[in-house]
file start-v3.txt (compact mmCIF, C-alpha atoms)
# COMPACT_ATOMS: atom_id res chain seq x y z
CA MET A 1 164.55 100.47 164.34
CA LEU A 2 163.86 102.52 161.22
CA LYS A 3 167.28 104.15 161.43
CA SER A 4 168.91 100.73 161.63
CA ILE A 5 166.95 99.62 158.57
CA ALA A 6 167.99 102.79 156.73
CA ILE A 7 171.68 102.20 157.47
CA GLU A 8 171.33 98.55 156.48
CA MET A 9 169.92 99.66 153.11
CA GLY A 10 172.79 102.05 152.37
CA PHE A 11 171.39 105.34 153.60
CA VAL A 12 173.80 107.19 155.88
CA ASP A 13 171.34 108.87 158.22
CA TYR A 14 167.66 108.95 159.12
CA GLY A 15 165.34 111.20 161.06
CA ALA A 16 161.62 111.98 161.31
CA ILE A 17 159.52 115.05 161.99
CA PRO A 18 155.81 115.76 162.32
CA VAL A 19 153.97 117.27 159.37
CA GLU A 20 153.75 120.96 160.16
CA PRO A 21 153.36 124.19 158.18
CA MET A 22 156.65 125.52 156.75
CA ASN A 23 155.76 129.18 157.22
CA GLN A 24 159.28 130.52 157.75
CA ASP A 25 160.65 128.70 154.74
CA LEU A 26 157.81 129.96 152.57
CA ALA A 27 158.51 133.54 153.66
CA MET A 28 162.16 133.15 152.64
CA LEU A 29 161.13 131.70 149.29
CA MET A 30 158.69 134.53 148.65
CA ASN A 31 161.47 137.06 149.29
CA PHE A 32 163.70 135.13 146.88
CA LEU A 33 160.97 135.12 144.22
CA ASP A 34 160.07 138.79 144.71
CA LYS A 35 163.67 139.73 143.94
CA GLY A 36 163.62 137.62 140.76
CA ARG A 37 166.50 135.45 141.92
CA HIS A 38 164.87 132.29 140.58
CA GLY A 39 165.37 133.37 136.97
CA SER A 40 163.57 131.06 134.54
CA MET A 41 162.81 128.42 137.20
CA GLY A 42 159.11 129.23 137.16
CA TYR A 43 158.25 126.00 138.95
CA LEU A 44 159.59 127.53 142.18
CA ALA A 45 156.70 129.97 142.14
CA ARG A 46 154.06 127.26 141.69
CA ASN A 47 152.32 125.02 144.25
CA LEU A 48 153.15 127.37 147.10
CA GLN A 49 150.30 125.95 149.20
CA ILE A 50 151.94 122.54 149.08
CA ARG A 51 155.32 124.01 149.98
CA GLU A 52 153.75 125.60 153.03
CA ASN A 53 151.58 122.60 153.94
CA PRO A 54 153.18 119.25 152.94
CA SER A 55 150.08 117.49 154.32
CA LEU A 56 148.35 118.31 151.03
CA LEU A 57 150.45 115.61 149.35
CA LEU A 58 148.90 112.77 151.33
CA GLU A 59 145.51 112.55 153.01
CA GLY A 60 145.89 112.12 156.74
CA ALA A 61 149.64 112.80 156.65
CA LYS A 62 151.21 112.84 160.11
CA SER A 63 154.94 112.27 159.68
CA ILE A 64 157.87 112.94 157.38
CA ALA A 65 160.81 110.54 157.29
CA VAL A 66 164.03 112.09 155.94
CA LEU A 67 166.97 110.00 154.73
CA LEU A 68 170.45 110.98 153.56
CA VAL A 69 172.08 109.34 150.55
CA PRO A 70 175.88 109.38 149.99
CA TYR A 71 177.55 110.17 146.70
CA GLY A 72 181.26 110.47 145.95
CA ARG A 73 183.38 113.52 145.33
CA SER A 74 184.63 114.06 141.81
CA ILE A 75 187.88 112.24 141.07
CA GLU A 76 190.18 114.52 139.14
CA GLY A 77 191.12 113.16 135.75
CA ASN A 78 192.43 115.37 132.99
CA SER A 79 192.08 118.88 134.41
CA ASP A 80 191.61 120.22 130.88
CA ASN A 81 188.33 118.34 130.50
CA PRO A 82 185.11 120.30 131.15
CA LYS A 83 183.98 119.89 134.74
CA ILE A 84 180.84 117.98 135.70
CA ALA A 85 179.33 118.21 139.20
CA SER A 86 180.10 115.13 141.28
CA TYR A 87 176.47 114.08 141.73
CA ALA A 88 175.96 113.99 137.95
CA LEU A 89 178.75 111.59 136.98
CA GLY A 90 176.55 108.53 137.42
CA LEU A 91 172.87 107.74 137.03
CA ASP A 92 170.02 110.16 137.68
CA TYR A 93 169.52 110.31 141.44
CA HIS A 94 165.76 110.86 141.16
CA ASP A 95 165.11 107.33 139.92
CA VAL A 96 167.83 105.66 141.97
CA ILE A 97 166.79 107.14 145.31
CA LYS A 98 163.06 106.67 144.73
CA ARG A 99 163.56 102.95 144.17
CA ARG A 100 165.33 102.56 147.49
CA LEU A 101 162.83 104.80 149.28
CA HIS A 102 160.05 102.48 148.12
CA LYS A 103 161.99 99.48 149.44
CA PHE A 104 162.54 101.26 152.74
CA SER A 105 158.84 102.12 152.90
CA GLU A 106 157.96 98.45 152.45
CA ARG A 107 160.04 97.67 155.54
CA MET A 108 158.38 100.59 157.32
CA LEU A 109 154.97 99.06 156.58
CA GLU A 110 156.03 95.93 158.46
CA ILE A 111 156.35 98.11 161.57
CA TYR A 112 153.33 100.31 160.81
CA PRO A 113 150.95 97.97 158.94
CA GLY A 114 148.08 99.57 157.07
CA SER A 115 149.75 102.95 156.77
CA SER A 116 150.08 104.91 153.53
CA TYR A 117 153.06 106.78 152.17
CA ARG A 118 154.50 108.76 149.26
CA VAL A 119 158.20 109.11 148.38
CA PHE A 120 159.99 112.16 146.99
CA THR A 121 163.49 113.27 146.13
CA ASP A 122 163.75 116.72 144.60
CA SER A 123 160.58 115.86 142.70
CA ALA A 124 157.86 117.76 144.59
CA PRO A 125 157.46 121.29 145.99
CA LEU A 126 159.04 120.51 149.36
CA PHE A 127 161.61 122.29 151.51
CA GLU A 128 163.73 119.16 151.75
CA ARG A 129 166.87 120.73 153.21
CA SER A 130 164.88 122.41 155.96
CA MET A 131 163.12 119.12 156.67
CA ALA A 132 166.49 117.37 156.96
CA ALA A 133 167.74 120.07 159.35
CA ARG A 134 164.58 119.80 161.47
CA ALA A 135 165.10 116.03 161.56
CA GLY A 136 168.53 116.56 163.11
CA LEU A 137 170.53 115.43 160.07
CA GLY A 138 172.62 118.57 159.74
CA PHE A 139 172.56 122.34 159.48
CA ILE A 140 172.08 124.71 156.57
CA GLY A 141 175.45 126.22 155.71
CA LYS A 142 176.27 129.67 154.40
CA ASN A 143 176.40 128.10 150.92
CA THR A 144 172.71 127.07 151.41
CA PHE A 145 173.57 123.34 151.41
CA LEU A 146 172.64 120.87 154.12
CA ILE A 147 175.84 120.02 155.98
CA SER A 148 176.04 116.86 158.04
CA LYS A 149 178.73 117.03 160.70
CA SER A 150 179.44 113.34 160.16
CA ARG A 151 178.85 113.09 156.41
CA GLY A 152 179.84 116.50 155.09
CA LEU A 153 178.11 117.94 152.03
CA ASN A 154 178.10 115.07 149.55
CA THR A 155 174.64 113.82 150.36
CA LEU A 156 171.29 113.82 148.61
CA ILE A 157 167.95 113.86 150.42
CA GLY A 158 165.04 111.44 150.25
CA VAL A 159 161.66 112.21 151.84
CA ILE A 160 158.76 109.95 152.76
CA ILE A 161 155.42 111.44 153.80
CA THR A 162 153.24 108.97 155.68
CA ASP A 163 150.10 108.80 157.80
CA ALA A 164 151.98 106.65 160.30
CA GLN A 165 152.82 108.17 163.70
CA LEU A 166 156.61 107.87 163.64
CA ASP A 167 159.00 108.55 166.50
CA TYR A 168 160.32 112.05 165.94
CA SER A 169 163.88 113.30 166.15
CA SER A 170 164.63 115.60 169.06
CA ASN A 171 168.23 116.65 168.37
CA VAL A 172 169.03 119.93 166.65
CA VAL A 173 172.39 120.35 164.94
CA LYS A 174 173.92 123.74 165.64
CA SER A 175 175.50 125.66 162.78
CA GLY A 176 179.12 124.75 162.21
CA CYS A 177 180.07 127.63 159.92
CA GLY A 178 181.25 130.05 162.56
CA GLU A 179 183.19 132.95 161.04
CA CYS A 180 184.21 130.91 157.99
CA ARG A 181 183.31 132.44 154.63
CA ARG A 182 185.31 130.28 152.23
CA CYS A 183 182.25 129.46 150.13
CA LEU A 184 181.24 133.11 149.85
CA ASP A 185 184.73 134.15 148.78
CA ALA A 186 185.24 131.22 146.37
CA CYS A 187 182.02 131.54 144.35
CA PRO A 188 183.37 132.62 140.95
CA THR A 189 180.24 134.46 139.83
CA GLY A 190 179.21 136.11 143.11
CA ALA A 191 176.04 134.03 143.34
CA LEU A 192 176.41 133.70 147.12
CA LEU A 193 175.43 137.18 148.22
CA SER A 194 175.74 136.60 151.95
CA ALA A 195 175.36 133.76 154.44
CA GLY A 196 172.44 131.63 153.25
CA GLU A 197 171.46 134.11 150.55
CA ILE A 198 171.86 133.17 146.89
CA ASP A 199 171.05 134.71 143.54
CA ALA A 200 170.43 131.62 141.43
CA THR A 201 170.63 133.58 138.20
CA ARG A 202 174.37 134.03 138.77
CA CYS A 203 175.05 130.43 139.81
CA LEU A 204 176.98 128.20 137.40
CA SER A 205 174.67 125.30 138.24
CA TYR A 206 171.64 127.33 137.22
CA ILE A 207 173.29 128.65 134.06
CA THR A 208 174.53 125.23 132.88
CA ILE A 209 171.35 123.30 133.72
CA GLU A 210 168.23 125.37 134.30
CA LYS A 211 168.51 128.67 132.46
CA ARG A 212 166.03 129.05 129.60
CA PRO A 213 166.87 130.09 126.99
CA PHE A 214 170.61 129.45 126.93
CA SER A 215 172.75 131.08 124.27
CA HIS A 216 176.27 131.96 123.21
CA LEU A 217 175.91 135.11 125.31
CA ASP A 218 176.13 132.96 128.47
CA THR A 219 179.91 132.74 128.74
CA ALA A 220 180.36 132.23 132.51
CA PRO A 221 180.47 128.39 132.30
CA SER A 222 183.20 128.38 129.65
CA GLU A 223 185.21 130.97 131.58
CA HIS A 224 185.40 128.52 134.48
CA ASN A 225 185.64 125.31 132.40
CA THR A 226 182.29 124.21 133.79
CA LEU A 227 180.05 121.96 131.71
CA PHE A 228 177.30 120.87 134.12
CA GLY A 229 176.72 122.08 137.66
CA CYS A 230 179.36 123.39 140.04
CA ASP A 231 181.04 121.99 143.18
CA ILE A 232 183.21 124.98 144.09
CA CYS A 233 181.29 126.22 147.16
CA MET A 234 181.19 122.64 148.43
CA ASP A 235 184.80 121.75 147.71
CA VAL A 236 186.20 124.72 149.66
CA CYS A 237 184.04 124.01 152.71
CA PRO A 238 185.99 122.65 155.73
CA TRP A 239 183.23 120.08 156.21
CA SER A 240 183.67 118.66 152.71
CA GLY A 241 186.20 116.07 153.84
CA ARG A 242 183.70 114.28 156.09
CA GLY A 243 182.10 110.98 155.08
CA GLY A 244 183.49 107.71 153.84
CA ALA A 245 183.85 105.76 150.64
CA ASP A 246 180.30 104.41 150.80
CA GLU A 247 178.99 106.04 147.65
CA TRP A 248 176.12 104.16 146.04
CA ILE A 249 177.41 102.32 143.00
CA GLU A 250 174.75 103.96 140.82
CA PHE A 251 176.43 107.33 141.35
CA LYS A 252 179.87 106.25 140.16
CA SER A 253 180.97 107.26 136.68
CA PHE A 254 179.82 104.79 134.04
CA GLN A 255 181.31 103.36 130.88
CA LEU A 256 179.87 104.28 127.50
CA SER A 257 179.28 101.73 124.77
CA ASP A 258 182.44 102.85 122.97
CA GLY A 259 184.62 102.21 126.03
CA ARG A 260 185.01 105.80 127.23
CA TRP A 261 183.86 106.88 130.70
CA SER A 262 181.33 109.53 131.67
CA ASN A 263 183.96 111.46 133.67
CA SER A 264 186.73 111.44 131.05
CA LEU A 265 185.23 113.20 128.02
CA SER A 266 187.26 116.01 126.51
CA VAL A 267 186.12 119.19 124.78
CA ASP A 268 186.58 117.51 121.40
CA ASP A 269 184.65 114.42 122.57
CA TRP A 270 181.65 116.57 123.42
CA MET A 271 181.89 118.68 120.28
CA LYS A 272 181.95 115.63 118.01
CA MET A 273 179.13 113.82 119.81
CA GLU A 274 175.97 113.06 117.85
CA GLU A 275 172.50 113.66 119.28
CA ASP A 276 171.44 110.01 118.93
CA PHE A 277 174.55 108.85 120.78
CA PHE A 278 174.01 111.39 123.57
CA LYS A 279 170.36 110.47 124.08
CA ARG A 280 171.16 106.76 124.11
CA GLU A 281 174.23 106.84 126.35
CA PHE A 282 173.01 109.53 128.76
CA ARG A 283 169.32 108.63 128.86
CA ASN A 284 169.60 107.77 132.57
CA SER A 285 172.02 110.59 133.41
CA PRO A 286 171.31 114.03 134.92
CA LEU A 287 173.14 115.51 131.91
CA LEU A 288 170.11 114.76 129.77
CA ARG A 289 168.33 117.67 131.45
CA ALA A 290 170.83 120.18 130.08
CA GLY A 291 170.74 118.67 126.60
CA LEU A 292 173.52 118.26 124.05
CA ALA A 293 172.86 121.60 122.33
CA ARG A 294 173.72 123.53 125.52
CA ILE A 295 176.70 121.29 126.19
CA LYS A 296 178.06 121.92 122.70
CA ILE A 297 177.73 125.69 123.07
CA ILE A 298 179.76 125.57 126.30
CA THR A 299 182.43 123.25 124.91
CA GLU A 300 182.79 125.35 121.76
CA GLN A 301 183.33 128.41 123.96
CA ILE A 302 185.88 126.55 126.09
CA LYS A 303 187.80 125.55 122.97
CA GLN A 304 187.73 129.09 121.63
CA ARG A 305 188.93 130.39 124.99
CA ASP A 306 191.84 127.93 124.95
CA ILE A 307 192.78 128.90 121.40
CA CYS A 308 192.75 132.60 122.27
CA GLY A 309 194.76 131.91 125.42
CA LYS A 310 197.46 130.08 123.48
CA GLN A 311 197.62 132.83 120.87
CA ARG A 312 198.24 135.41 123.60

call {"tool": "encode", "arguments": {"input": "start-v3.txt", "output": "structure tokens"}}
result
Amino acid sequence: MLKSIAIEMGFVDYGAIPVEPMNQDLAMLMNFLDKGRHGSMGYLARNLQIRENPSLLLEGAKSIAVLLVPYGRSIEGNSDNPKIASYALGLDYHDVIKRRLHKFSERMLEIYPGSSYRVFTDSAPLFERSMAARAGLGFIGKNTFLISKSRGLNTLIGVIITDAQLDYSSNVVKSGCGECRRCLDACPTGALLSAGEIDATRCLSYITIEKRPFSHLDTAPSEHNTLFGCDICMDVCPWSGRGGADEWIEFKSFQLSDGRWSNSLSVDDWMKMEEDFFKREFRNSPLLRAGLARIKIITEQIKQRDICGKQR
């Protein structure tokens, strides 16, 4: 019944698991942290008790409901424009998904009256991809992403922790990577060290969004015409073609007040942009996290690269 409600509300898959310690995932994280592969993302080293024991987020927690959200693949416009990761072309997924998770939870309360819940989407110290895999929604690929065999890679994850005793998923999705290593070979910065092993400090997504501080010395994004995030290891995956055209409208590119679109801005557009305009137009966009100062550094480098290329 809950899966039917989830599909009715626009989610593309649903599963549930009992609240249990995530010991194996914590061990993998600790190894990742010990090697310094988290860079300046200090938050990954905090709240480790919660990561290991999700029950600490809700008194009496028994179950975790996991839901998959579809978003569209980037539609190629002018290939000279700086690239933005597909998930970031529309509105910030944190707010969008949480709103629908709350609506789903209200329906859940009709089935489990008197129960309590909390909703999360990349907003709490949780191993969400592992939870989704345990719930039978996909497998963790060599590129470290959750891969749904019916939906591919273009999904986001919503989590609901509740004290209700849900019906748990029993199916386990076997890995579908086989001998394929397209993602490992395609990563332009060598961030994917081996199957399921990543050095975030090399990743274009980390460099363009999370790295603190960011300076003109960080040239990798401009070398690959990347402004925000990176889709390369997803785009080359054989599973990337799965899924339909059921992207939530909130994740589609949006029109700015001056008539331009969020997915059609050129290097010059970004370089000429004023801070007030950026904060107003992108206040509900993931791009706000990177900030205009970082974006301008990257676009300036891209322009300089193009000028040097033409001179040669």

call {"tool": "atom_distance", "arguments": {"input": "start-v3.txt", "atom1": "atom CA of A:Asn47", "atom2": "atom CA of A:Thr121"}}
result
16.3 Å

call {"tool": "residues_around", "arguments": {"input": "start-v3.txt", "residues": "A:Lys174", "least_positions_apart": "6", "cutoff": "12 Å", "atoms": "only C-alpha atoms", "output": "number ranges by chain"}}
result
A: 133-134, 136-141, 146-149

call {"tool": "closest_residue", "arguments": {"input": "start-v3.txt", "among": "A:Cys183, A:Val267, A:Ile295, A:Val96", "to": "A:Ile232", "atoms": "only C-alpha atoms"}}
result
A:Cys183

call {"tool": "closest_residue", "arguments": {"input": "start-v3.txt", "among": "A:Gly178, A:Gly39, A:Pro125, A:Gly72", "to": "A:Ala200", "atoms": "all atoms listed in the file"}}
result
A:Gly39

call {"tool": "atom_distance", "arguments": {"input": "start-v3.txt", "atom1": "atom CA of A:Met22", "atom2": "atom CA of A:Leu153"}}
result
23.2 Å

call {"tool": "closest_residue", "arguments": {"input": "start-v3.txt", "among": "A:Ile249, A:Ile198, A:Ile297, A:Cys308", "to": "A:Val69", "atoms": "all atoms listed in the file"}}
result
A:Ile249

call {"tool": "atom_distance", "arguments": {"input": "start-v3.txt", "atom1": "atom CA of A:Ser63", "atom2": "atom CA of A:Ile111"}}
result
14.4 Å

call {"tool": "closest_residue", "arguments": {"input": "start-v3.txt", "among": "A:His224, A:His38, A:Arg129, A:Arg280", "to": "A:Tyr206", "atoms": "all atoms listed in the file"}}
result
A:His38

call {"tool": "closest_residue", "arguments": {"input": "start-v3.txt", "among": "A:Ile157, A:Ala164, A:Met28, A:Ala45", "to": "A:Ala61", "atoms": "only C-alpha atoms"}}
result
A:Ala164

call {"tool": "closest_residue", "arguments": {"input": "start-v3.txt", "among": "A:Leu256, A:Ile207, A:Ile161, A:Ile50", "to": "A:Val66", "atoms": "all atoms listed in the file"}}
result
A:Ile161

call {"tool": "build_atoms", "arguments": {"input": "start-v3.txt", "residues": "stretch 17-41 of chain A", "atoms": "N, CA and C atoms", "output": "PDB file, in the coordinates of the input"}}
result
ATOM      1  N   ILE A  17     160.143 113.858 161.409  1.00  0.00           N
ATOM      2  CA  ILE A  17     159.520 115.050 161.990  1.00  0.00           C
ATOM      3  C   ILE A  17     158.021 114.989 161.764  1.00  0.00           C
ATOM      4  N   PRO A  18     157.246 115.701 162.570  1.00  0.00           N
ATOM      5  CA  PRO A  18     155.810 115.760 162.320  1.00  0.00           C
ATOM      6  C   PRO A  18     155.517 116.653 161.119  1.00  0.00           C
ATOM      7  N   VAL A  19     154.403 116.406 160.471  1.00  0.00           N
ATOM      8  CA  VAL A  19     153.970 117.270 159.370  1.00  0.00           C
ATOM      9  C   VAL A  19     153.453 118.567 159.947  1.00  0.00           C
ATOM     10  N   GLU A  20     154.127 119.645 159.649  1.00  0.00           N
ATOM     11  CA  GLU A  20     153.750 120.960 160.160  1.00  0.00           C
ATOM     12  C   GLU A  20     153.911 122.004 159.059  1.00  0.00           C
ATOM     13  N   PRO A  21     153.203 123.120 159.170  1.00  0.00           N
ATOM     14  CA  PRO A  21     153.360 124.190 158.180  1.00  0.00           C
ATOM     15  C   PRO A  21     154.805 124.690 158.147  1.00  0.00           C
ATOM     16  N   MET A  22     155.280 125.026 156.944  1.00  0.00           N
ATOM     17  CA  MET A  22     156.650 125.520 156.750  1.00  0.00           C
ATOM     18  C   MET A  22     156.601 127.022 156.483  1.00  0.00           C
ATOM     19  N   ASN A  23     156.015 127.750 157.430  1.00  0.00           N
ATOM     20  CA  ASN A  23     155.760 129.180 157.220  1.00  0.00           C
ATOM     21  C   ASN A  23     157.032 130.000 157.024  1.00  0.00           C
ATOM     22  N   GLN A  24     158.044 129.746 157.837  1.00  0.00           N
ATOM     23  CA  GLN A  24     159.280 130.520 157.750  1.00  0.00           C
ATOM     24  C   GLN A  24     159.988 130.284 156.435  1.00  0.00           C
ATOM     25  N   ASP A  25     160.004 129.035 156.005  1.00  0.00           N
ATOM     26  CA  ASP A  25     160.650 128.700 154.740  1.00  0.00           C
ATOM     27  C   ASP A  25     159.914 129.337 153.571  1.00  0.00           C
ATOM     28  N   LEU A  26     158.593 129.345 153.643  1.00  0.00           N
ATOM     29  CA  LEU A  26     157.810 129.960 152.570  1.00  0.00           C
ATOM     30  C   LEU A  26     158.097 131.460 152.500  1.00  0.00           C
ATOM     31  N   ALA A  27     158.227 132.109 153.644  1.00  0.00           N
ATOM     32  CA  ALA A  27     158.510 133.540 153.660  1.00  0.00           C
ATOM     33  C   ALA A  27     159.860 133.830 152.994  1.00  0.00           C
ATOM     34  N   MET A  28     160.845 132.982 153.263  1.00  0.00           N
ATOM     35  CA  MET A  28     162.160 133.150 152.640  1.00  0.00           C
ATOM     36  C   MET A  28     162.079 132.937 151.137  1.00  0.00           C
ATOM     37  N   LEU A  29     161.298 131.957 150.722  1.00  0.00           N
ATOM     38  CA  LEU A  29     161.130 131.700 149.290  1.00  0.00           C
ATOM     39  C   LEU A  29     160.450 132.872 148.609  1.00  0.00           C
ATOM     40  N   MET A  30     159.419 133.412 149.237  1.00  0.00           N
ATOM     41  CA  MET A  30     158.690 134.530 148.650  1.00  0.00           C
ATOM     42  C   MET A  30     159.622 135.740 148.458  1.00  0.00           C
ATOM     43  N   ASN A  31     160.511 135.975 149.409  1.00  0.00           N
ATOM     44  CA  ASN A  31     161.470 137.060 149.290  1.00  0.00           C
ATOM     45  C   ASN A  31     162.421 136.808 148.114  1.00  0.00           C
ATOM     46  N   PHE A  32     162.831 135.563 147.974  1.00  0.00           N
ATOM     47  CA  PHE A  32     163.700 135.130 146.880  1.00  0.00           C
ATOM     48  C   PHE A  32     163.007 135.343 145.527  1.00  0.00           C
ATOM     49  N   LEU A  33     161.731 134.970 145.458  1.00  0.00           N
ATOM     50  CA  LEU A  33     160.970 135.120 144.220  1.00  0.00           C
ATOM     51  C   LEU A  33     160.709 136.594 143.900  1.00  0.00           C
ATOM     52  N   ASP A  34     160.361 137.374 144.920  1.00  0.00           N
ATOM     53  CA  ASP A  34     160.070 138.790 144.710  1.00  0.00           C
ATOM     54  C   ASP A  34     161.260 139.539 144.124  1.00  0.00           C
ATOM     55  N   LYS A  35     162.462 139.077 144.449  1.00  0.00           N
ATOM     56  CA  LYS A  35     163.670 139.730 143.940  1.00  0.00           C
ATOM     57  C   LYS A  35     164.099 139.150 142.589  1.00  0.00           C
ATOM     58  N   GLY A  36     163.325 138.184 142.072  1.00  0.00           N
ATOM     59  CA  GLY A  36     163.620 137.620 140.760  1.00  0.00           C
ATOM     60  C   GLY A  36     164.856 136.742 140.724  1.00  0.00           C
ATOM     61  N   ARG A  37     165.262 136.228 141.866  1.00  0.00           N
ATOM     62  CA  ARG A  37     166.500 135.450 141.920  1.00  0.00           C
ATOM     63  C   ARG A  37     166.331 134.008 141.472  1.00  0.00           C
ATOM     64  N   HIS A  38     165.116 133.638 141.083  1.00  0.00           N
ATOM     65  CA  HIS A  38     164.870 132.290 140.580  1.00  0.00           C
ATOM     66  C   HIS A  38     165.037 132.204 139.067  1.00  0.00           C
ATOM     67  N   GLY A  39     165.171 133.366 138.408  1.00  0.00           N
ATOM     68  CA  GLY A  39     165.370 133.370 136.970  1.00  0.00           C
ATOM     69  C   GLY A  39     164.236 132.701 136.224  1.00  0.00           C
ATOM     70  N   SER A  40     164.575 131.747 135.355  1.00  0.00           N
ATOM     71  CA  SER A  40     163.570 131.060 134.540  1.00  0.00           C
ATOM     72  C   SER A  40     162.997 129.818 135.214  1.00  0.00           C
ATOM     73  N   MET A  41     163.345 129.592 136.478  1.00  0.00           N
ATOM     74  CA  MET A  41     162.810 128.420 137.200  1.00  0.00           C
ATOM     75  C   MET A  41     161.410 128.742 137.721  1.00  0.00           C
TER      76      MET A  41
END
